[in-house]
Structures are given as structure tokens and as C-alpha cells.
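A.B. asks: Dropping in coords.cif, which is mmCIF, C-alpha atoms:
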data_target
loop_
_atom_site.group_PDB
_atom_site.id
_atom_site.type_symbol
_atom_site.label_atom_id
_atom_site.label_comp_id
_atom_site.auth_asym_id
_atom_site.auth_seq_id
_atom_site.Cartn_x
_atom_site.Cartn_y
_atom_site.Cartn_z
ATOM 1 C CA MET A 1 -5.895 7.332 -1.768
ATOM 2 C CA PRO A 2 -3.264 6.596 0.865
ATOM 3 C CA LYS A 3 0.116 8.313 0.592
ATOM 4 C CA ILE A 4 3.268 6.197 0.570
ATOM 5 C CA LEU A 5 6.874 7.322 0.969
ATOM 6 C CA VAL A 6 9.528 5.091 -0.608
ATOM 7 C CA VAL A 7 13.053 5.525 0.763
ATOM 8 C CA ASP A 8 15.873 3.675 -0.995
ATOM 9 C CA ALA A 9 19.355 4.662 -2.176
ATOM 10 C CA GLN A 10 18.987 2.618 -5.366
ATOM 11 C CA PRO A 11 17.152 4.630 -8.064
ATOM 12 C CA ALA A 12 16.003 1.473 -9.886
ATOM 13 C CA THR A 13 14.348 0.104 -6.745
ATOM 14 C CA ARG A 14 12.694 3.450 -5.926
ATOM 15 C CA ASP A 15 11.396 3.870 -9.466
ATOM 16 C CA LEU A 16 10.085 0.301 -9.695
ATOM 17 C CA ILE A 17 8.186 0.564 -6.417
ATOM 18 C CA ARG A 18 6.853 4.023 -7.327
ATOM 19 C CA LEU A 19 5.651 2.749 -10.712
ATOM 20 C CA PHE A 20 3.737 -0.193 -9.244
ATOM 21 C CA LEU A 21 2.240 1.824 -6.377
ATOM 22 C CA THR A 22 1.168 4.625 -8.712
ATOM 23 C CA ARG A 23 -0.522 2.078 -10.984
ATOM 24 C CA GLU A 24 -2.410 0.836 -7.903
ATOM 25 C CA GLY A 25 -3.701 4.356 -7.324
ATOM 26 C CA TYR A 26 -1.490 5.349 -4.371
ATOM 27 C CA ARG A 27 0.045 8.804 -4.048
ATOM 28 C CA VAL A 28 3.802 8.204 -3.909
ATOM 29 C CA LYS A 29 6.857 10.296 -3.036
ATOM 30 C CA THR A 30 10.425 9.027 -2.937
ATOM 31 C CA ALA A 31 13.630 9.855 -1.101
ATOM 32 C CA ALA A 32 17.202 8.694 -1.775
ATOM 33 C CA ASP A 33 18.590 9.154 1.741
ATOM 34 C CA GLY A 34 17.621 9.461 5.388
ATOM 35 C CA HIS A 35 17.669 13.256 5.634
ATOM 36 C CA ALA A 36 15.443 13.615 2.565
ATOM 37 C CA ALA A 37 13.100 10.991 4.032
ATOM 38 C CA LEU A 38 12.744 12.840 7.341
ATOM 39 C CA THR A 39 12.017 16.083 5.444
ATOM 40 C CA GLN A 40 9.437 14.326 3.210
ATOM 41 C CA ILE A 41 7.713 12.823 6.248
ATOM 42 C CA LYS A 42 7.083 16.296 7.682
ATOM 43 C CA SER A 43 5.759 17.788 4.449
ATOM 44 C CA PHE A 44 4.092 14.788 2.736
ATOM 45 C CA LYS A 45 2.687 13.113 5.894
ATOM 46 C CA PRO A 46 2.656 9.565 4.441
ATOM 47 C CA ASP A 47 0.235 6.850 5.548
ATOM 48 C CA LEU A 48 2.922 4.179 5.098
ATOM 49 C CA ILE A 49 6.696 4.164 4.574
ATOM 50 C CA VAL A 50 8.786 1.658 2.643
ATOM 51 C CA LEU A 51 12.279 2.144 4.094
ATOM 52 C CA ALA A 52 15.575 0.564 3.014
ATOM 53 C CA ILE A 53 18.138 -0.101 5.723
ATOM 54 C CA MET A 54 21.168 0.783 3.578
ATOM 55 C CA LEU A 55 21.118 4.548 3.020
ATOM 56 C CA PRO A 56 24.078 6.801 2.154
ATOM 57 C CA ASP A 57 23.811 9.236 5.082
ATOM 58 C CA ILE A 58 21.814 7.815 8.009
ATOM 59 C CA SER A 59 21.049 4.133 8.432
ATOM 60 C CA GLY A 60 17.491 2.978 7.910
ATOM 61 C CA TYR A 61 17.576 1.811 11.537
ATOM 62 C CA SER A 62 18.104 5.390 12.750
ATOM 63 C CA VAL A 63 15.455 6.756 10.412
ATOM 64 C CA CYS A 64 13.015 4.106 11.663
ATOM 65 C CA GLN A 65 13.737 5.013 15.294
ATOM 66 C CA ARG A 66 13.171 8.728 14.614
ATOM 67 C CA ILE A 67 9.900 8.052 12.838
ATOM 68 C CA VAL A 68 8.600 5.761 15.589
ATOM 69 C CA GLU A 69 9.411 8.382 18.256
ATOM 70 C CA THR A 70 7.056 10.919 16.688
ATOM 71 C CA SER A 71 4.562 8.953 14.594
ATOM 72 C CA ALA A 72 2.497 5.774 14.377
ATOM 73 C CA VAL A 73 2.895 5.436 10.609
ATOM 74 C CA PRO A 74 3.538 1.793 9.593
ATOM 75 C CA ILE A 75 7.003 1.077 8.181
ATOM 76 C CA ILE A 76 8.082 -1.784 5.921
ATOM 77 C CA MET A 77 11.835 -2.267 6.131
ATOM 78 C CA LEU A 78 13.779 -3.456 3.068
ATOM 79 C CA SER A 79 17.160 -5.151 3.462
ATOM 80 C CA GLU A 80 19.689 -7.171 1.512
ATOM 81 C CA LYS A 81 19.961 -9.449 4.543
ATOM 82 C CA SER A 82 17.370 -12.105 5.304
ATOM 83 C CA SER A 83 18.607 -13.351 8.658
ATOM 84 C CA SER A 84 16.170 -13.701 11.525
ATOM 85 C CA THR A 85 18.421 -11.427 13.620
ATOM 86 C CA GLU A 86 17.976 -8.641 11.075
ATOM 87 C CA LYS A 87 14.198 -9.142 10.975
ATOM 88 C CA VAL A 88 13.903 -9.155 14.763
ATOM 89 C CA LEU A 89 15.999 -5.984 15.049
ATOM 90 C CA CYS A 90 13.781 -4.145 12.571
ATOM 91 C CA LEU A 91 10.607 -5.255 14.325
ATOM 92 C CA GLU A 92 12.021 -4.299 17.734
ATOM 93 C CA LEU A 93 12.881 -0.836 16.408
ATOM 94 C CA GLY A 94 9.199 -0.392 15.574
ATOM 95 C CA ALA A 95 8.875 -1.483 11.955
ATOM 96 C CA ALA A 96 5.547 -3.116 11.131
ATOM 97 C CA ASP A 97 7.022 -5.502 8.549
ATOM 98 C CA TYR A 98 10.246 -6.623 6.916
ATOM 99 C CA LEU A 99 11.050 -7.743 3.375
ATOM 100 C CA ALA A 100 14.383 -9.074 2.087
ATOM 101 C CA LYS A 101 15.797 -7.915 -1.260
ATOM 102 C CA PRO A 102 15.363 -8.998 -3.949
ATOM 103 C CA PHE A 103 11.619 -9.134 -3.425
ATOM 104 C CA ASP A 104 8.548 -9.724 -5.544
ATOM 105 C CA VAL A 105 6.726 -6.437 -6.138
ATOM 106 C CA GLN A 106 3.373 -8.200 -5.893
ATOM 107 C CA GLU A 107 4.318 -9.438 -2.425
ATOM 108 C CA LEU A 108 5.266 -5.891 -1.415
ATOM 109 C CA LEU A 109 1.891 -4.637 -2.713
ATOM 110 C CA ALA A 110 0.070 -7.318 -0.726
ATOM 111 C CA ARG A 111 1.966 -6.379 2.446
ATOM 112 C CA ILE A 112 1.223 -2.688 1.895
ATOM 113 C CA LYS A 113 -2.496 -3.367 1.466
ATOM 114 C CA LEU A 114 -2.513 -5.533 4.583
ATOM 115 C CA LEU A 115 -0.774 -2.877 6.696
ATOM 116 C CA LEU A 116 -3.039 -0.111 5.429
ATOM 117 C CA ARG A 117 -6.056 -2.212 6.411
ATOM 118 C CA ARG A 118 -4.528 -3.194 9.753
ATOM 119 C CA PHE A 119 -3.680 0.397 10.628
ATOM 120 C CA ASP A 120 -7.057 1.509 9.199
ATOM 121 C CA VAL A 121 -5.546 4.262 7.078
ATOM 122 C CA THR A 122 -8.759 4.452 5.064
ATOM 123 C CA SER A 123 -10.773 5.628 8.077
ATOM 124 C CA ASP A 124 -10.322 9.245 6.944
ATOM 125 C CA ILE A 125 -11.263 8.362 3.368
ATOM 126 C CA SER A 126 -14.886 8.150 2.321
ATOM 127 C CA ASN A 127 -16.209 4.611 2.442
ATOM 128 C CA ILE A 128 -18.905 5.361 -0.138
ATOM 129 C CA ILE A 129 -18.443 5.345 -3.907
ATOM 130 C CA ASN A 130 -21.230 6.896 -5.981
ATOM 131 C CA TYR A 131 -21.576 6.566 -9.743
ATOM 132 C CA LEU A 132 -24.756 7.800 -11.400
ATOM 133 C CA ASP A 133 -27.528 5.956 -9.496
ATOM 134 C CA LEU A 134 -25.187 3.256 -8.117
ATOM 135 C CA THR A 135 -23.862 3.440 -4.533
ATOM 136 C CA ILE A 136 -21.160 1.147 -3.154
ATOM 137 C CA ASP A 137 -20.697 1.069 0.606
ATOM 138 C CA LEU A 138 -17.132 -0.179 1.034
ATOM 139 C CA LYS A 139 -17.439 -0.643 4.781
ATOM 140 C CA SER A 140 -20.547 -2.837 4.788
ATOM 141 C CA LYS A 141 -19.809 -4.273 1.299
ATOM 142 C CA LYS A 142 -23.310 -3.511 0.075
ATOM 143 C CA VAL A 143 -24.395 -2.113 -3.278
ATOM 144 C CA TYR A 144 -27.490 -0.017 -3.993
ATOM 145 C CA LYS A 145 -29.130 1.153 -7.202
ATOM 146 C CA LYS A 146 -31.444 4.109 -6.594
ATOM 147 C CA GLU A 147 -31.281 3.215 -2.881
ATOM 148 C CA GLU A 148 -32.541 -0.329 -3.551
ATOM 149 C CA PRO A 149 -30.121 -3.077 -2.438
ATOM 150 C CA ILE A 150 -28.541 -5.190 -5.153
ATOM 151 C CA SER A 151 -27.728 -8.805 -4.381
ATOM 152 C CA LEU A 152 -24.204 -9.757 -5.498
ATOM 153 C CA THR A 153 -22.079 -12.812 -4.908
ATOM 154 C CA PRO A 154 -18.821 -12.144 -3.027
ATOM 155 C CA ARG A 155 -16.837 -12.484 -6.282
ATOM 156 C CA GLU A 156 -19.149 -10.075 -8.118
ATOM 157 C CA TYR A 157 -18.791 -7.562 -5.298
ATOM 158 C CA GLN A 158 -14.975 -7.873 -5.264
ATOM 159 C CA LEU A 159 -14.815 -7.274 -9.006
ATOM 160 C CA LEU A 160 -17.194 -4.300 -8.815
ATOM 161 C CA GLU A 161 -15.173 -2.780 -5.970
ATOM 162 C CA ALA A 162 -11.900 -3.235 -7.887
ATOM 163 C CA LEU A 163 -13.376 -1.479 -10.920
ATOM 164 C CA ALA A 164 -14.935 1.297 -8.822
ATOM 165 C CA ARG A 165 -11.635 2.007 -7.067
ATOM 166 C CA HIS A 166 -9.931 2.506 -10.452
ATOM 167 C CA PRO A 167 -12.326 4.700 -12.428
ATOM 168 C CA SER A 168 -11.457 5.662 -15.998
ATOM 169 C CA GLN A 169 -8.618 3.129 -16.096
ATOM 170 C CA VAL A 170 -8.210 0.296 -18.556
ATOM 171 C CA LEU A 171 -7.244 -2.788 -16.561
ATOM 172 C CA SER A 172 -5.964 -6.051 -17.989
ATOM 173 C CA ARG A 173 -7.454 -9.379 -16.936
ATOM 174 C CA GLU A 174 -4.384 -10.040 -14.762
ATOM 175 C CA GLU A 175 -4.653 -6.634 -13.098
ATOM 176 C CA LEU A 176 -8.354 -7.181 -12.362
ATOM 177 C CA ILE A 177 -7.663 -10.602 -10.862
ATOM 178 C CA ALA A 178 -4.843 -9.184 -8.705
ATOM 179 C CA LEU A 179 -6.982 -6.248 -7.545
ATOM 180 C CA ALA A 180 -10.122 -8.275 -6.844
ATOM 181 C CA TRP A 181 -8.775 -11.579 -5.564
ATOM 182 C CA GLY A 182 -5.045 -11.171 -4.946
ATOM 183 C CA TYR A 183 -2.027 -12.036 -7.026
ATOM 184 C CA ASN A 184 -2.005 -15.722 -5.997
ATOM 185 C CA TYR A 185 -5.509 -16.372 -7.400
ATOM 186 C CA THR A 186 -5.587 -19.005 -10.149
#
Will you turn the file into C-alpha cells for me?
C.D. replies:
Amino acid sequence: MPKILVVDAQPATRDLIRLFLTREGYRVKTAADGHAALTQIKSFKPDLIVLAIMLPDISGYSVCQRIVETSAVPIIMLSEKSSSTEKVLCLELGAADYLAKPFDVQELLARIKLLLRRFDVTSDISNIINYLDLTIDLKSKKVYKKEEPISLTPREYQLLEALARHPSQVLSREELIALAWGYNYT
């Protein structure tokens, strides 16, 4: 699964994001300041970074600039400000997205998934899931049983993929709906 680094000075925000991302199956590390973030980036090599602007040592702007100079990892900036000037500044510094605090965790998850798809982070990850005699090709969205194709509706496929990506996990109805069809599905 993709690796995500969460950088925020507020422990409650870090822990909340880590909890939700871990439940989604992501590998997550956290940092409370800019120096710790830069160290984690070298050792953890994240696929995506969630970075707060307000940090105790170095500003999130500076951390973003340093990351962009040496890496193409997508960055989602978090800020208490929601002005268009702030958003434009973050995007011009090289951030891939911007989210104002307080934010909805489901919206953050949706943005993370979108960026991981856009930056094709999964290209290094196997696109085939095998279980007993069932094979799911995530790239072509086809399913085979004993190498014979199985015809599924798009909804059936989305549900099967959501379950296959979370093996040995008990998922509530709401979690399945969010995983298969997105949190706005009614």
C-alpha cells in the first residue's frame, strides 16, 4: 500500500489523520515539525505528504519548497487560512492540493486517493489480486475464476475490489459504500 507522511504540529490532527489512513490500509508515519518531516522523507520515502503550514520550527512553505526541489512526491497543504491568496501561494510553491482547516476527513481521504491515482503511485504495486482460484486484474478491471472471465456489473466489480483490497477486515456497510462508491454515495 502507498506510504503517507502526515506533518502537523497539533497531535490531535496528526492522530486523527493517521487513524483514518491506517484504517484505509495506508502505511502512515507522522512528524510534529519541519526538521522531523525532512528526516522522515529521507528514511520513509513517502508516496504522498500531508503537510501543515504552521509548524513550530520551519514553516510548511519552506518544507514544501525543499521537498519539491528534490522530489516529485505529491503534497497536500493544510492551513487555518482559506483565502485564495494562501491557496495560490501553496500551489505555486509546488503543492498538488490545498485543504483549509477544519476539514472533513472523508474529503481528505478522497483527495489523497485522487492524487495517488493522478501521480500513479500504484504503478510499482502489483495490479493483480489472487485469492484461491479467483484473479482480479485491477488495471483492466476484469475478474477471472480458474482463468475463465466472470461477467460483473460495474457496481459488483467495485464492491469486489473494495473487499479484495481489505482482506481479513470486517467492514461496516458505510465503510463498504465509501470504499466502493465514495463517501457522497446515497
A.B. asks: Do you know which residues are at most 10 Å from Ile136 in chain A counting all atoms listed in the file, after dropping those on the same chain fewer than 2 positions away, and could you put them as a ChimeraX atom specification?
C.D. replies: /A:127-131,134,138-145,149-150,157,160-161,164
A.B. asks: With all atoms listed in the file as the basis for distance, which of A:Gln40, A:Arg23, A:Ile17, A:Leu55 is at the shortest distance from Leu171 in chain A?
C.D. replies: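 Closest to Leu171 in chain A of all the choices is A:Arg23.
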A.B. asks: How big is the axis-aligned box around the listed atoms of range 82-95 of chain A once 3 Å is added on each side, and where is its centre? Give both in Å to one decimal, as AutoDock Vina command-line options.
C.D. replies:
--center_x 13.7 --center_y -7.0 --center_z 11.5 --size_x 15.7 --size_y 19.3 --size_z 18.4
A.B. asks: Between A:Asp133, A:Gly34, A:Trp181, A:Arg14, which has the minimum distance to Arg155 in chain A (counting only C-alpha atoms)?
C.D. replies: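 Among the listed residues, the smallest separation from Arg155 in chain A belongs to A:Trp181.
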A.B. asks: Within 12 Å of Ile67 in chain A, counting all atoms listed in the file, which residues show up once you throw out same-chain ones fewer than 2 positions away? Write them as a ChimeraX atom specification, please.
C.D. replies: /A:34-35,37-42,45-46,48-49,51,60-65,69-75,93-95
A.B. asks: Next, dump the selected residues to file, keeping only C-alpha atoms, as a compact mmCIF listing (two decimals), keeping the file's coordinate frame.
C.D. replies:
# COMPACT_ATOMS: atom_id res chain seq x y z
CA GLY A 34 17.62 9.46 5.39
CA HIS A 35 17.67 13.26 5.63
CA ALA A 37 13.10 10.99 4.03
CA LEU A 38 12.74 12.84 7.34
CA THR A 39 12.02 16.08 5.44
CA GLN A 40 9.44 14.33 3.21
CA ILE A 41 7.71 12.82 6.25
CA LYS A 42 7.08 16.30 7.68
CA LYS A 45 2.69 13.11 5.89
CA PRO A 46 2.66 9.56 4.44
CA LEU A 48 2.92 4.18 5.10
CA ILE A 49 6.70 4.16 4.57
CA LEU A 51 12.28 2.14 4.09
CA GLY A 60 17.49 2.98 7.91
CA TYR A 61 17.58 1.81 11.54
CA SER A 62 18.10 5.39 12.75
CA VAL A 63 15.46 6.76 10.41
CA CYS A 64 13.02 4.11 11.66
CA GLN A 65 13.74 5.01 15.29
CA GLU A 69 9.41 8.38 18.26
CA THR A 70 7.06 10.92 16.69
CA SER A 71 4.56 8.95 14.59
CA ALA A 72 2.50 5.77 14.38
CA VAL A 73 2.90 5.44 10.61
CA PRO A 74 3.54 1.79 9.59
CA ILE A 75 7.00 1.08 8.18
CA LEU A 93 12.88 -0.84 16.41
CA GLY A 94 9.20 -0.39 15.57
CA ALA A 95 8.88 -1.48 11.96
A.B. asks: One decimal, in Å: what's the spacing between CA of Ala180 in chain A and CA of Lys101 in chain A?
C.D. replies: 26.5 Å
A.B. asks: Given the file shown, enumerate the residues that the PyMOL selection byres ((chain A and resi 1) around 7) captures and present them as a list in words.
C.D. replies: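 Those residues are Pro2, Lys3, Gly25, Tyr26 and Arg27 of chain A.
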A.B. asks: Figure out the distance between CA of Gln10 in chain A and CA of Ala178 in chain A, please, to one decimal in Å.
C.D. replies: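 It comes out at 26.8 Å.
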A.B. asks: So how far away is CA of Arg18 in chain A from CA of Glu86 in chain A, in Å?
C.D. replies: 25.0 Å
A.B. asks: Find the spatial neighbours of Thr13 in chain A, counting all atoms listed in the file, within a cut-off of 12 Å - ignore same-chain residues fewer than 6 positions away - and output them as a PDB file with C-alpha atoms, in the frame of the given file.
C.D. replies:
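The result, written out as out23.pdb:
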ATOM      1  CA  VAL A   6       9.528   5.091  -0.608  1.00  0.00           C
ATOM      2  CA  VAL A   7      13.053   5.525   0.763  1.00  0.00           C
ATOM      3  CA  LEU A  19       5.651   2.749 -10.712  1.00  0.00           C
ATOM      4  CA  PHE A  20       3.737  -0.193  -9.244  1.00  0.00           C
ATOM      5  CA  THR A  30      10.425   9.027  -2.937  1.00  0.00           C
ATOM      6  CA  ALA A  31      13.630   9.855  -1.101  1.00  0.00           C
ATOM      7  CA  ALA A  32      17.202   8.694  -1.775  1.00  0.00           C
ATOM      8  CA  VAL A  50       8.786   1.658   2.643  1.00  0.00           C
ATOM      9  CA  LEU A  51      12.279   2.144   4.094  1.00  0.00           C
ATOM     10  CA  ALA A  52      15.575   0.564   3.014  1.00  0.00           C
ATOM     11  CA  LEU A  78      13.779  -3.456   3.068  1.00  0.00           C
ATOM     12  CA  SER A  79      17.160  -5.151   3.462  1.00  0.00           C
ATOM     13  CA  LYS A 101      15.797  -7.915  -1.260  1.00  0.00           C
ATOM     14  CA  PRO A 102      15.363  -8.998  -3.949  1.00  0.00           C
ATOM     15  CA  PHE A 103      11.619  -9.134  -3.425  1.00  0.00           C
ATOM     16  CA  ASP A 104       8.548  -9.724  -5.544  1.00  0.00           C
ATOM     17  CA  VAL A 105       6.726  -6.437  -6.138  1.00  0.00           C
TER      18      VAL A 105
END
A.B. asks: Using the structure block above, produce a file of range 98-123 of chain A that contains N, CA and C atoms, as a JSON list (two decimals), in the first residue's frame.
C.D. replies:
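decode25.json, freshly written:
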[["chain", "number", "residue", "atom", "x", "y", "z"],
["A", 98, "TYR", "N", -4.61, 21.68, -1.72],
["A", 98, "TYR", "CA", -4.70, 22.54, -0.55],
["A", 98, "TYR", "C", -6.03, 22.27, 0.14],
["A", 99, "LEU", "N", -6.01, 22.23, 1.47],
["A", 99, "LEU", "CA", -7.24, 21.99, 2.22],
["A", 99, "LEU", "C", -7.21, 22.88, 3.46],
["A", 100, "ALA", "N", -8.30, 23.64, 3.67],
["A", 100, "ALA", "CA", -8.38, 24.53, 4.83],
["A", 100, "ALA", "C", -8.89, 23.77, 6.05],
["A", 101, "LYS", "N", -8.31, 24.10, 7.22],
["A", 101, "LYS", "CA", -8.77, 23.54, 8.49],
["A", 101, "LYS", "C", -9.91, 24.41, 9.00],
["A", 102, "PRO", "N", -10.88, 23.85, 9.69],
["A", 102, "PRO", "CA", -11.08, 22.42, 9.89],
["A", 102, "PRO", "C", -11.59, 21.77, 8.61],
["A", 103, "PHE", "N", -11.24, 20.53, 8.40],
["A", 103, "PHE", "CA", -11.63, 19.84, 7.18],
["A", 103, "PHE", "C", -12.34, 18.54, 7.52],
["A", 104, "ASP", "N", -13.06, 18.03, 6.56],
["A", 104, "ASP", "CA", -13.73, 16.74, 6.69],
["A", 104, "ASP", "C", -12.73, 15.66, 6.33],
["A", 105, "VAL", "N", -12.54, 14.69, 7.20],
["A", 105, "VAL", "CA", -11.55, 13.64, 6.96],
["A", 105, "VAL", "C", -11.89, 12.84, 5.70],
["A", 106, "GLN", "N", -13.16, 12.66, 5.43],
["A", 106, "GLN", "CA", -13.56, 11.94, 4.22],
["A", 106, "GLN", "C", -13.13, 12.70, 2.98],
["A", 107, "GLU", "N", -13.21, 14.03, 3.02],
["A", 107, "GLU", "CA", -12.75, 14.83, 1.89],
["A", 107, "GLU", "C", -11.24, 14.68, 1.72],
["A", 108, "LEU", "N", -10.50, 14.69, 2.83],
["A", 108, "LEU", "CA", -9.06, 14.49, 2.75],
["A", 108, "LEU", "C", -8.74, 13.13, 2.13],
["A", 109, "LEU", "N", -9.45, 12.08, 2.56],
["A", 109, "LEU", "CA", -9.24, 10.74, 2.00],
["A", 109, "LEU", "C", -9.50, 10.73, 0.50],
["A", 110, "ALA", "N", -10.57, 11.38, 0.08],
["A", 110, "ALA", "CA", -10.90, 11.43, -1.35],
["A", 110, "ALA", "C", -9.79, 12.14, -2.12],
["A", 111, "ARG", "N", -9.28, 13.24, -1.59],
["A", 111, "ARG", "CA", -8.20, 13.97, -2.25],
["A", 111, "ARG", "C", -6.92, 13.14, -2.32],
["A", 112, "ILE", "N", -6.63, 12.41, -1.26],
["A", 112, "ILE", "CA", -5.45, 11.54, -1.24],
["A", 112, "ILE", "C", -5.57, 10.47, -2.31],
["A", 113, "LYS", "N", -6.72, 9.81, -2.38],
["A", 113, "LYS", "CA", -6.93, 8.77, -3.39],
["A", 113, "LYS", "C", -6.78, 9.34, -4.80],
["A", 114, "LEU", "N", -7.35, 10.52, -5.02],
["A", 114, "LEU", "CA", -7.26, 11.16, -6.32],
["A", 114, "LEU", "C", -5.80, 11.45, -6.69],
["A", 115, "LEU", "N", -5.05, 12.01, -5.76],
["A", 115, "LEU", "CA", -3.64, 12.34, -6.05],
["A", 115, "LEU", "C", -2.81, 11.08, -6.28],
["A", 116, "LEU", "N", -3.07, 10.04, -5.51],
["A", 116, "LEU", "CA", -2.32, 8.80, -5.70],
["A", 116, "LEU", "C", -2.60, 8.20, -7.08],
["A", 117, "ARG", "N", -3.86, 8.32, -7.53],
["A", 117, "ARG", "CA", -4.19, 7.85, -8.88],
["A", 117, "ARG", "C", -3.54, 8.74, -9.93],
["A", 118, "ARG", "N", -3.65, 10.06, -9.72],
["A", 118, "ARG", "CA", -3.12, 11.02, -10.69],
["A", 118, "ARG", "C", -1.61, 10.87, -10.84],
["A", 119, "PHE", "N", -0.92, 10.67, -9.73],
["A", 119, "PHE", "CA", 0.53, 10.52, -9.78],
["A", 119, "PHE", "C", 0.93, 9.07, -9.99],
["A", 120, "ASP", "N", -0.05, 8.19, -10.18],
["A", 120, "ASP", "CA", 0.16, 6.77, -10.47],
["A", 120, "ASP", "C", 1.14, 6.12, -9.51],
["A", 121, "VAL", "N", 0.90, 6.33, -8.22],
["A", 121, "VAL", "CA", 1.76, 5.75, -7.19],
["A", 121, "VAL", "C", 1.65, 4.23, -7.20],
["A", 122, "THR", "N", 0.53, 3.70, -7.64],
["A", 122, "THR", "CA", 0.34, 2.25, -7.62],
["A", 122, "THR", "C", 1.07, 1.53, -8.74],
["A", 123, "SER", "N", 1.79, 2.26, -9.60],
["A", 123, "SER", "CA", 2.44, 1.60, -10.73],
["A", 123, "SER", "C", 3.49, 0.59, -10.28]]
